[in-house]
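Participant: Provided herewith is a single structure, encoded as structure tokens, for subsequent inquiry.
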Amino acid sequence: MIIQQCYDEGVADINEKIKRLMLEVKSKSGDACANFAASYLDDASRMESDISDNADSLPGWVGSEMKLNLAKQRLDNVGLIRGSCKQ
């Protein structure tokens, strides 16, 4: 239970960082970049949900580890979008 809480807190922290990056993208980049970033996050969230549902049925911490890794990947990708769309 404690380990799961650590994974959940890690994902929550990453999601908070993503929200802050999205605010930067929206305020410092054009609509095209902001719309692309939002679309990417929607698509990534749907994919993650499907994968997580399947991974949760596996033994051990595979599902939780995948959720954390996928959240990190979303953060990296939004950072990439922000960095390439600076005005």
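Each chain of the structure tokens is named A, B, ... in the order shown, its residues numbered from 1; ligands are numbered from 1 in display order.
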Identify, on the basis of only C-alpha atoms, every residue whose closest approach to Leu41 of chain A does not exceed 10 Å; exclude the query and any residue fewer than 3 positions from it along the same chain; express the result as a list of chain:residue names.
Facilitator: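 Once the adjacent positions are removed, what remains is A:Ile18, A:Met22, A:Asn35, A:Phe36, A:Ala37, A:Ala38, A:Ala44, A:Ser45, A:Arg46, A:Met47, A:Arg74, A:Leu75, A:Asn77, A:Val78.
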Participant: Could you name the residues that touch segment 65-71 of chain A at 10 Å or less, counting only C-alpha atoms, but leaving out those on the same chain fewer than 4 positions away, as an NGL selection string?
Facilitator: :A and (4 or 7-15 or 18 or 44-45 or 47-49 or 51-52 or 55-56 or 60-61 or 75-77)
Participant: Find the residue from A:Gly63, A:Ser84, A:Gln73, A:Asn54 that sits nearest to Tyr40 of chain A; use only C-alpha atoms when measuring.
Facilitator: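 Residue with the minimum atom-to-atom distance to Tyr40 of chain A: A:Gln73.
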Participant: What's the separation between atom CA of Lys72 of chain A and atom CA of Asp31 of chain A, in Å to one decimal place?
Facilitator: 24.2 Å
Participant: Go ahead and compute the interatomic distance for atom CA of Glu24 of chain A and atom CA of Arg82 of chain A, in Å to one decimal.
Facilitator: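 One can read the atom CA of Glu24 of chain A to atom CA of Arg82 of chain A distance as 7.5 Å.
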Participant: Do you have the atom CA of Lys86 of chain A-atom CA of Asp42 of chain A distance handy?
Facilitator: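 That distance, rounded to one decimal, is 21.6 Å.
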